[in-house]
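Participant: Handing you a structure now.
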Amino acid sequence: MILVDGDPAQNIRDIRKITTVLKGGKVYDPAAIEKALGIAPRHTGP
């Protein structure tokens, strides 16, 4: 399951605003994963 900051049904661009990922009972922070992989952080502002 993913938690999105917004409503992709109203604005499809909101699908890029993933705040949390839940898989197999574990919680993952997308920003922490990106940082660990050396990926530039996503712009989360308007």
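How things are named: the first chain in the structure tokens is A, the next is B, and so on; residues count from 1 in each chain; ligands count from 1 in the order shown.
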Can you list, as a VMD selection string, every protein, DNA or RNA residue that comes within 8 Å of stretch 6-20 of chain A when you count only C-alpha atoms, leaving out same-chain residues fewer than 5 positions away?
Facilitator: chain A and resid 27 to 30 44
Participant: Could you save those same residues with C-alpha atoms as a CSV table (one decimal), in the first residue's frame?
Facilitator:
```
chain,number,residue,atom,x,y,z
A,27,VAL,CA,6.9,0.8,6.7
A,28,TYR,CA,9.3,2.3,4.2
A,29,ASP,CA,10.2,6.0,3.8
A,30,PRO,CA,10.7,6.8,0.1
A,44,THR,CA,7.7,18.0,-3.0
```
Participant: What is the distance between atom CA of A:Leu3 and atom CA of A:Gly38, in Å to one decimal?
Facilitator: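 Atom CA of A:Gly38 lies 22.7 Å from atom CA of A:Leu3.
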Participant: If I take atom CA of A:Val4 and atom CA of A:Gly24, how far is one from the other in Å, to one decimal?
Facilitator: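 Straight-line distance from atom CA of A:Val4 to atom CA of A:Gly24 works out to 18.3 Å.
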Participant: Step one, run DSSP on the backbone; step two, keep only residues of chain A assigned to helix (DSSP H, G or I); then write them as a list in words.
Facilitator: Ile12, Arg13, Asp14, Ile15, Arg16, Pro30, Ala31, Ala32, Ile33, Glu34, Lys35 and Ala36 of chain A
Participant: Residues as selected, C-alpha atoms, written as a PDB file, in the first residue's frame, can you do that?
Facilitator:
```
ATOM      1  CA  ILE A  12      -2.870  12.612 -11.582  1.00  0.00           C
ATOM      2  CA  ARG A  13       0.370  14.457 -10.706  1.00  0.00           C
ATOM      3  CA  ASP A  14      -0.339  13.709  -7.049  1.00  0.00           C
ATOM      4  CA  ILE A  15       0.747  10.106  -7.678  1.00  0.00           C
ATOM      5  CA  ARG A  16       4.326  11.422  -7.486  1.00  0.00           C
ATOM      6  CA  PRO A  30      10.695   6.828   0.101  1.00  0.00           C
ATOM      7  CA  ALA A  31      12.961   9.818   0.874  1.00  0.00           C
ATOM      8  CA  ALA A  32      15.257   7.671   3.031  1.00  0.00           C
ATOM      9  CA  ILE A  33      15.472   5.001   0.332  1.00  0.00           C
ATOM     10  CA  GLU A  34      16.312   7.596  -2.321  1.00  0.00           C
ATOM     11  CA  LYS A  35      18.988   9.124  -0.076  1.00  0.00           C
ATOM     12  CA  ALA A  36      20.532   5.704   0.609  1.00  0.00           C
TER      13      ALA A  36
END
```
Participant: Write out as number ranges by chain the set of residues from chain A that DSSP, computed on the backbone, places in strand (DSSP E or B).
Facilitator: A: 2-4, 18-23, 26-28
Participant: Convert the current residue selection to file output with N, CA and C atoms, as a PDB file, in the first residue's frame.
Facilitator:
```pdb
ATOM      1  N   ILE A   2       0.457   2.251  -0.702  1.00  0.00           N
ATOM      2  CA  ILE A   2       1.176   3.521  -0.678  1.00  0.00           C
ATOM      3  C   ILE A   2       0.264   4.610  -0.143  1.00  0.00           C
ATOM      4  N   LEU A   3       0.855   5.555   0.566  1.00  0.00           N
ATOM      5  CA  LEU A   3       0.125   6.730   1.029  1.00  0.00           C
ATOM      6  C   LEU A   3       0.590   7.896   0.191  1.00  0.00           C
ATOM      7  N   VAL A   4      -0.384   8.611  -0.378  1.00  0.00           N
ATOM      8  CA  VAL A   4      -0.100   9.714  -1.277  1.00  0.00           C
ATOM      9  C   VAL A   4      -0.610  11.003  -0.661  1.00  0.00           C
ATOM     10  N   ILE A  18       4.321  10.411  -3.103  1.00  0.00           N
ATOM     11  CA  ILE A  18       4.268   9.259  -2.212  1.00  0.00           C
ATOM     12  C   ILE A  18       4.975   9.613  -0.913  1.00  0.00           C
ATOM     13  N   THR A  19       4.280   9.480   0.191  1.00  0.00           N
ATOM     14  CA  THR A  19       4.859   9.819   1.487  1.00  0.00           C
ATOM     15  C   THR A  19       5.315   8.591   2.261  1.00  0.00           C
ATOM     16  N   THR A  20       4.619   7.465   2.087  1.00  0.00           N
ATOM     17  CA  THR A  20       4.938   6.246   2.839  1.00  0.00           C
ATOM     18  C   THR A  20       4.588   5.031   1.997  1.00  0.00           C
ATOM     19  N   VAL A  21       5.387   3.992   2.139  1.00  0.00           N
ATOM     20  CA  VAL A  21       5.119   2.715   1.480  1.00  0.00           C
ATOM     21  C   VAL A  21       5.030   1.649   2.568  1.00  0.00           C
ATOM     22  N   LEU A  22       3.989   0.835   2.512  1.00  0.00           N
ATOM     23  CA  LEU A  22       3.819  -0.285   3.440  1.00  0.00           C
ATOM     24  C   LEU A  22       3.857  -1.575   2.631  1.00  0.00           C
ATOM     25  N   LYS A  23       4.738  -2.492   3.032  1.00  0.00           N
ATOM     26  CA  LYS A  23       4.836  -3.772   2.331  1.00  0.00           C
ATOM     27  C   LYS A  23       5.206  -4.851   3.325  1.00  0.00           C
ATOM     28  N   LYS A  26       5.915  -3.926   6.903  1.00  0.00           N
ATOM     29  CA  LYS A  26       7.006  -2.992   7.161  1.00  0.00           C
ATOM     30  C   LYS A  26       6.686  -1.644   6.532  1.00  0.00           C
ATOM     31  N   VAL A  27       7.153  -0.577   7.200  1.00  0.00           N
ATOM     32  CA  VAL A  27       6.943   0.785   6.710  1.00  0.00           C
ATOM     33  C   VAL A  27       8.246   1.280   6.101  1.00  0.00           C
ATOM     34  N   TYR A  28       8.149   1.823   4.894  1.00  0.00           N
ATOM     35  CA  TYR A  28       9.317   2.347   4.190  1.00  0.00           C
ATOM     36  C   TYR A  28       9.120   3.830   3.907  1.00  0.00           C
TER      37      TYR A  28
END
```
